[in-house]
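**Student:** Contents of start_36.cif (mmCIF, C-alpha atoms):
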```
data_entry
loop_
_atom_site.group_PDB
_atom_site.id
_atom_site.type_symbol
_atom_site.label_atom_id
_atom_site.label_comp_id
_atom_site.auth_asym_id
_atom_site.auth_seq_id
_atom_site.Cartn_x
_atom_site.Cartn_y
_atom_site.Cartn_z
ATOM 1 C CA MET A 1 207.257 70.707 100.006
ATOM 2 C CA THR A 2 208.853 72.639 102.850
ATOM 3 C CA LYS A 3 207.521 73.307 106.329
ATOM 4 C CA SER A 4 206.336 76.792 105.366
ATOM 5 C CA GLU A 5 204.592 75.437 102.249
ATOM 6 C CA LEU A 6 202.891 72.831 104.428
ATOM 7 C CA VAL A 7 201.728 75.609 106.772
ATOM 8 C CA GLU A 8 200.352 77.666 103.856
ATOM 9 C CA LEU A 9 198.565 74.635 102.439
ATOM 10 C CA ILE A 10 196.889 73.693 105.726
ATOM 11 C CA ALA A 11 195.930 77.338 106.384
ATOM 12 C CA SER A 12 194.412 77.726 102.920
ATOM 13 C CA LYS A 13 192.093 74.753 103.435
ATOM 14 C CA GLN A 14 190.369 76.058 106.546
ATOM 15 C CA THR A 15 188.899 79.327 107.734
ATOM 16 C CA GLN A 16 189.114 79.360 111.539
ATOM 17 C CA LEU A 17 192.840 79.704 112.094
ATOM 18 C CA SER A 18 195.323 82.272 110.823
ATOM 19 C CA VAL A 19 198.566 81.314 109.073
ATOM 20 C CA LYS A 20 200.356 82.276 112.298
ATOM 21 C CA ASP A 21 198.176 79.897 114.325
ATOM 22 C CA VAL A 22 198.780 77.066 111.869
ATOM 23 C CA GLU A 23 202.506 77.777 111.909
ATOM 24 C CA LEU A 24 202.581 77.514 115.668
ATOM 25 C CA ALA A 25 200.531 74.313 115.599
ATOM 26 C CA VAL A 26 202.840 72.672 113.042
ATOM 27 C CA LYS A 27 205.864 73.702 115.118
ATOM 28 C CA THR A 28 204.247 72.254 118.229
ATOM 29 C CA ILE A 29 203.497 68.928 116.529
ATOM 30 C CA ILE A 30 207.074 68.613 115.241
ATOM 31 C CA GLU A 31 208.493 69.597 118.623
ATOM 32 C CA HIS A 32 206.264 67.021 120.343
ATOM 33 C CA MET A 33 207.495 64.283 118.007
ATOM 34 C CA SER A 34 211.172 65.248 118.442
ATOM 35 C CA GLN A 35 210.775 65.319 122.193
ATOM 36 C CA ALA A 36 209.121 61.887 122.233
ATOM 37 C CA LEU A 37 211.939 60.339 120.198
ATOM 38 C CA ALA A 38 214.581 62.044 122.345
ATOM 39 C CA GLU A 39 213.028 60.269 125.336
ATOM 40 C CA GLY A 40 213.033 56.925 123.549
ATOM 41 C CA GLN A 41 209.283 56.927 122.952
ATOM 42 C CA ARG A 42 207.873 55.425 119.759
ATOM 43 C CA ILE A 43 205.423 57.367 117.575
ATOM 44 C CA GLU A 44 202.570 55.505 115.883
ATOM 45 C CA ILE A 45 200.378 57.218 113.294
ATOM 46 C CA ARG A 46 197.847 54.821 111.800
ATOM 47 C CA GLY A 47 197.896 54.818 108.004
ATOM 48 C CA PHE A 48 201.023 56.970 107.931
ATOM 49 C CA GLY A 49 203.729 55.036 109.726
ATOM 50 C CA SER A 50 205.764 54.716 112.882
ATOM 51 C CA PHE A 51 208.933 56.309 114.185
ATOM 52 C CA SER A 52 211.259 54.494 116.549
ATOM 53 C CA LEU A 53 214.907 54.417 117.541
ATOM 54 C CA HIS A 54 217.451 51.984 116.157
ATOM 55 C CA HIS A 55 220.566 51.146 118.132
ATOM 56 C CA ARG A 56 224.009 51.584 116.594
ATOM 57 C CA ALA A 57 226.836 49.685 118.280
ATOM 58 C CA ALA A 58 230.043 51.414 119.342
ATOM 59 C CA ARG A 59 232.753 51.277 116.679
ATOM 60 C CA VAL A 60 236.223 52.481 115.884
ATOM 61 C CA GLY A 61 236.110 55.249 113.335
ATOM 62 C CA ARG A 62 238.854 57.187 111.647
ATOM 63 C CA ASN A 63 239.501 60.876 111.282
ATOM 64 C CA PRO A 64 239.615 61.191 107.489
ATOM 65 C CA LYS A 65 242.099 64.096 107.699
ATOM 66 C CA THR A 66 244.677 62.688 110.085
ATOM 67 C CA GLY A 67 244.002 58.959 109.681
ATOM 68 C CA GLU A 68 243.852 58.747 113.463
ATOM 69 C CA SER A 69 241.534 56.131 115.048
ATOM 70 C CA VAL A 70 238.704 57.407 117.216
ATOM 71 C CA GLN A 71 236.410 55.377 119.441
ATOM 72 C CA LEU A 72 232.804 56.169 118.557
ATOM 73 C CA PRO A 73 230.312 55.334 121.317
ATOM 74 C CA ALA A 74 227.088 53.390 120.819
ATOM 75 C CA LYS A 75 224.155 55.603 119.862
ATOM 76 C CA TYR A 76 220.544 55.646 118.731
ATOM 77 C CA VAL A 77 219.280 56.880 115.378
ATOM 78 C CA PRO A 78 215.690 57.787 114.413
ATOM 79 C CA HIS A 79 213.962 55.332 112.080
ATOM 80 C CA PHE A 80 210.710 55.665 110.112
ATOM 81 C CA LYS A 81 208.663 52.731 108.863
ATOM 82 C CA PRO A 82 205.933 53.798 106.426
ATOM 83 C CA GLY A 83 202.479 52.380 107.147
ATOM 84 C CA LYS A 84 200.545 50.210 104.707
ATOM 85 C CA GLU A 85 198.288 53.016 103.407
ATOM 86 C CA LEU A 86 201.197 55.381 102.782
ATOM 87 C CA ARG A 87 203.209 52.627 101.069
ATOM 88 C CA GLU A 88 200.307 51.788 98.796
ATOM 89 C CA GLN A 89 199.429 55.412 97.967
ATOM 90 C CA VAL A 90 203.030 56.249 97.119
ATOM 91 C CA ASN A 91 203.499 53.147 95.030
ATOM 92 C CA GLU A 92 200.331 53.896 93.030
ATOM 93 C CA SER A 93 201.978 57.086 91.794
ATOM 94 C CA VAL A 94 204.610 55.114 89.860
ATOM 95 C CA GLY A 95 204.249 55.763 86.175
ATOM 96 C CA GLN A 96 201.847 58.653 86.686
ATOM 97 C CA ASP A 97 202.953 62.021 85.447
ATOM 98 C CA TYR A 98 202.653 64.950 87.844
ATOM 99 C CA MET B 1 205.902 53.736 127.890
ATOM 100 C CA THR B 2 203.130 53.721 125.308
ATOM 101 C CA ALA B 3 203.629 55.185 121.848
ATOM 102 C CA LEU B 4 202.841 58.800 121.001
ATOM 103 C CA THR B 5 199.685 58.974 118.867
ATOM 104 C CA LYS B 6 197.619 61.621 117.079
ATOM 105 C CA ALA B 7 195.289 61.865 120.095
ATOM 106 C CA GLU B 8 198.108 63.086 122.372
ATOM 107 C CA MET B 9 199.359 65.512 119.739
ATOM 108 C CA ALA B 10 195.858 67.011 119.482
ATOM 109 C CA GLU B 11 195.634 67.150 123.280
ATOM 110 C CA ARG B 12 198.821 69.221 123.392
ATOM 111 C CA LEU B 13 197.509 71.678 120.778
ATOM 112 C CA TYR B 14 194.409 72.063 122.932
ATOM 113 C CA GLU B 15 196.369 72.564 126.159
ATOM 114 C CA GLU B 16 199.254 74.695 124.908
ATOM 115 C CA LEU B 17 197.779 76.713 122.062
ATOM 116 C CA GLY B 18 194.157 76.881 123.102
ATOM 117 C CA LEU B 19 192.800 75.370 119.894
ATOM 118 C CA ASN B 20 189.411 73.826 120.574
ATOM 119 C CA LYS B 21 189.255 70.032 120.546
ATOM 120 C CA ARG B 22 187.849 69.816 117.037
ATOM 121 C CA GLU B 23 190.381 72.280 115.598
ATOM 122 C CA ALA B 24 193.193 70.415 117.348
ATOM 123 C CA LYS B 25 192.100 67.062 115.964
ATOM 124 C CA GLU B 26 191.660 68.483 112.442
ATOM 125 C CA MET B 27 195.078 70.135 112.599
ATOM 126 C CA VAL B 28 196.837 66.862 113.398
ATOM 127 C CA GLU B 29 194.855 65.074 110.674
ATOM 128 C CA ALA B 30 195.734 67.806 108.168
ATOM 129 C CA PHE B 31 199.425 67.676 109.116
ATOM 130 C CA PHE B 32 199.825 63.975 108.309
ATOM 131 C CA GLY B 33 197.243 64.058 105.501
ATOM 132 C CA GLU B 34 199.023 66.807 103.564
ATOM 133 C CA ILE B 35 202.413 65.133 103.985
ATOM 134 C CA ARG B 36 200.950 61.877 102.703
ATOM 135 C CA ASP B 37 199.314 63.624 99.729
ATOM 136 C CA ALA B 38 202.547 65.344 98.754
ATOM 137 C CA LEU B 39 204.435 62.036 98.922
ATOM 138 C CA SER B 40 201.809 60.244 96.880
ATOM 139 C CA HIS B 41 202.234 62.936 94.212
ATOM 140 C CA ASN B 42 205.940 62.103 94.164
ATOM 141 C CA GLU B 43 206.860 65.284 96.018
ATOM 142 C CA GLN B 44 209.617 65.246 98.637
ATOM 143 C CA VAL B 45 208.698 66.737 102.048
ATOM 144 C CA LYS B 46 211.294 68.697 104.028
ATOM 145 C CA LEU B 47 210.575 69.553 107.658
ATOM 146 C CA SER B 48 213.535 71.589 108.816
ATOM 147 C CA GLY B 49 214.716 70.614 112.276
ATOM 148 C CA PHE B 50 213.039 67.218 111.977
ATOM 149 C CA GLY B 51 213.936 65.527 108.718
ATOM 150 C CA ASN B 52 213.142 64.850 105.077
ATOM 151 C CA PHE B 53 210.747 62.339 103.576
ATOM 152 C CA ASP B 54 212.279 61.273 100.275
ATOM 153 C CA LEU B 55 210.997 59.042 97.497
ATOM 154 C CA ARG B 56 213.035 56.347 95.837
ATOM 155 C CA ASP B 57 212.256 54.359 92.745
ATOM 156 C CA LYS B 58 213.284 50.728 93.006
ATOM 157 C CA LYS B 59 213.816 48.597 89.934
ATOM 158 C CA GLU B 60 212.339 45.148 89.612
ATOM 159 C CA ARG B 61 214.576 42.558 91.252
ATOM 160 C CA PRO B 62 214.548 38.796 91.657
ATOM 161 C CA GLY B 63 212.927 37.508 94.818
ATOM 162 C CA ARG B 64 211.915 34.188 96.268
ATOM 163 C CA ASN B 65 208.946 32.838 98.132
ATOM 164 C CA PRO B 66 210.588 31.967 101.459
ATOM 165 C CA LYS B 67 208.151 29.107 102.051
ATOM 166 C CA THR B 68 208.308 27.314 98.735
ATOM 167 C CA GLY B 69 211.673 28.524 97.439
ATOM 168 C CA GLU B 70 209.940 29.479 94.205
ATOM 169 C CA GLU B 71 211.488 32.408 92.331
ATOM 170 C CA ILE B 72 209.139 35.382 91.861
ATOM 171 C CA PRO B 73 210.267 38.803 90.632
ATOM 172 C CA ILE B 74 209.700 41.707 93.053
ATOM 173 C CA SER B 75 208.050 44.365 90.902
ATOM 174 C CA ALA B 76 209.422 47.877 90.402
ATOM 175 C CA ARG B 77 208.075 50.208 93.098
ATOM 176 C CA ARG B 78 208.306 53.643 94.670
ATOM 177 C CA VAL B 79 209.124 53.805 98.383
ATOM 178 C CA VAL B 80 209.299 56.495 101.079
ATOM 179 C CA THR B 81 212.484 56.909 103.081
ATOM 180 C CA PHE B 82 213.006 59.220 106.043
ATOM 181 C CA ARG B 83 216.303 61.039 106.550
ATOM 182 C CA PRO B 84 216.426 62.577 110.026
ATOM 183 C CA GLY B 85 217.834 66.098 110.230
ATOM 184 C CA GLN B 86 220.949 67.067 112.169
ATOM 185 C CA LYS B 87 218.940 68.549 115.035
ATOM 186 C CA LEU B 88 216.802 65.441 115.538
ATOM 187 C CA LYS B 89 219.831 63.142 115.233
ATOM 188 C CA GLN B 90 221.640 65.078 117.951
ATOM 189 C CA LYS B 91 218.637 64.989 120.271
ATOM 190 C CA VAL B 92 218.241 61.236 119.886
ATOM 191 C CA GLU B 93 221.909 60.249 119.937
ATOM 192 C CA ALA B 94 222.232 60.862 123.648
ATOM 193 C CA TYR B 95 219.316 58.607 124.528
ATOM 194 C CA ALA B 96 220.778 55.875 126.755
ATOM 195 C CA GLY B 97 217.812 53.863 128.025
ATOM 196 C CA THR B 98 216.066 50.856 126.566
ATOM 197 C CA GLN B 99 213.139 51.494 124.268
ATOM 198 C CA SER B 100 209.630 50.594 125.353
#
```
Please rewrite the model in this file as structure tokens.
**Tutor:**
Amino acid sequence: MTKSELVELIASKQTQLSVKDVELAVKTIIEHMSQALAEGQRIEIRGFGSFSLHHRAARVGRNPKTGESVQLPAKYVPHFKPGKELREQVNESVGQDY
Amino acid sequence: MTALTKAEMAERLYEELGLNKREAKEMVEAFFGEIRDALSHNEQVKLSGFGNFDLRDKKERPGRNPKTGEEIPISARRVVTFRPGQKLKQKVEAYAGTQS
């Protein structure tokens, strides 16, 4: 499912908002989450999961073309930990044919 | 800094887009609800600019009860993984502070 399919799906299940409104709302939610993570803020959605940042230490990398060493600085990467409900729901689908 | 929750996301939809409070709350619920439903029907979810929620099937593997040392197999299972998109990775990379 893509973002636009998600928008269509949400729009089709309610009557008050247009597809355009839903599109803008979905964009706003995603932008809010990106912004939070960019500021080092965790996101906690009960039943779904949590997003946080994981630290990656500085390391010496290599340019695969030239073989030259490059110093790569420490950085943060986004991490998602699925919540219990999501884990269970997803695992229940094993062996079912969709 | 406290964590971002659904309540604050709904609040922003109310403030910025003028959805009423009920619409805003339902929108946030629908957003995560539909993603969860897709994943539980074994469907990958791709949110461009943010990242992809993928599904992986894990085979059964040997495990151990850490308390008793007893060997118990870990059953085959399906798990969700999140792969952040390029845009999100770039935004986060520069973050220098310590996380709350």
**Student:** Counting all atoms listed in the file, which residue out of A:Leu37, A:Val60, A:Leu6, A:Ile45 sits closest to His79 (chain A)?
**Tutor:**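 Nearest to His79 (chain A): A:Leu37.
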**Student:** Once you count only C-alpha atoms, which residues of chain A turn out to be within 8 Å of chain B? Could you give them as number ranges by chain?
**Tutor:** A: 1-3, 6, 9-10, 22, 25-26, 28-30, 32-34, 36-45, 48, 53, 75-80, 82, 86-87, 89-94, 98
**Student:** Set up a box along x, y and z of the file covering all listed atoms of region 48-55 of chain B, add 8 Å on every one of the six sides, and write the centre and edge lengths in Å to one decimal, as JSON.
**Tutor:**
```
{"center_x": 212.7, "center_y": 65.3, "center_z": 104.9, "size_x": 20.0, "size_y": 28.5, "size_z": 30.8}
```
**Student:** Between CA of Asp21 (chain A) and CA of Gly83 (chain A), what is the distance, to one decimal in Å?
**Tutor:**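 A separation of 28.8 Å between them.
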**Student:** I'd like the interatomic distance between CA of Asn20 (chain B) and CA of Ala11 (chain A), to a tenth of an Å.
**Tutor:**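 These two atoms are separated by 16.0 Å.
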**Student:** Report the distance between CA of Gln35 (chain A) and CA of His54 (chain A) in Å, rounded to one decimal place.
**Tutor:**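 Answer for the CA of Gln35 (chain A) to CA of His54 (chain A) separation: 16.1 Å.
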**Student:** Need to verify the contact set: Gly61 (chain A), 10 Å, only C-alpha atoms, exclusion of same-chain residues closer than 5 positions in sequence. Can you return it as a ChimeraX atom specification?
**Tutor:** /A:67-73
**Student:** May I have the residues within 7 Å of Arg61 (chain B) as a list in words, using only C-alpha atoms and disregarding those fewer than 4 positions away in the same chain?
**Tutor:**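 What passes the distance filter is Pro73, Ile74 and Ser75 of chain B.
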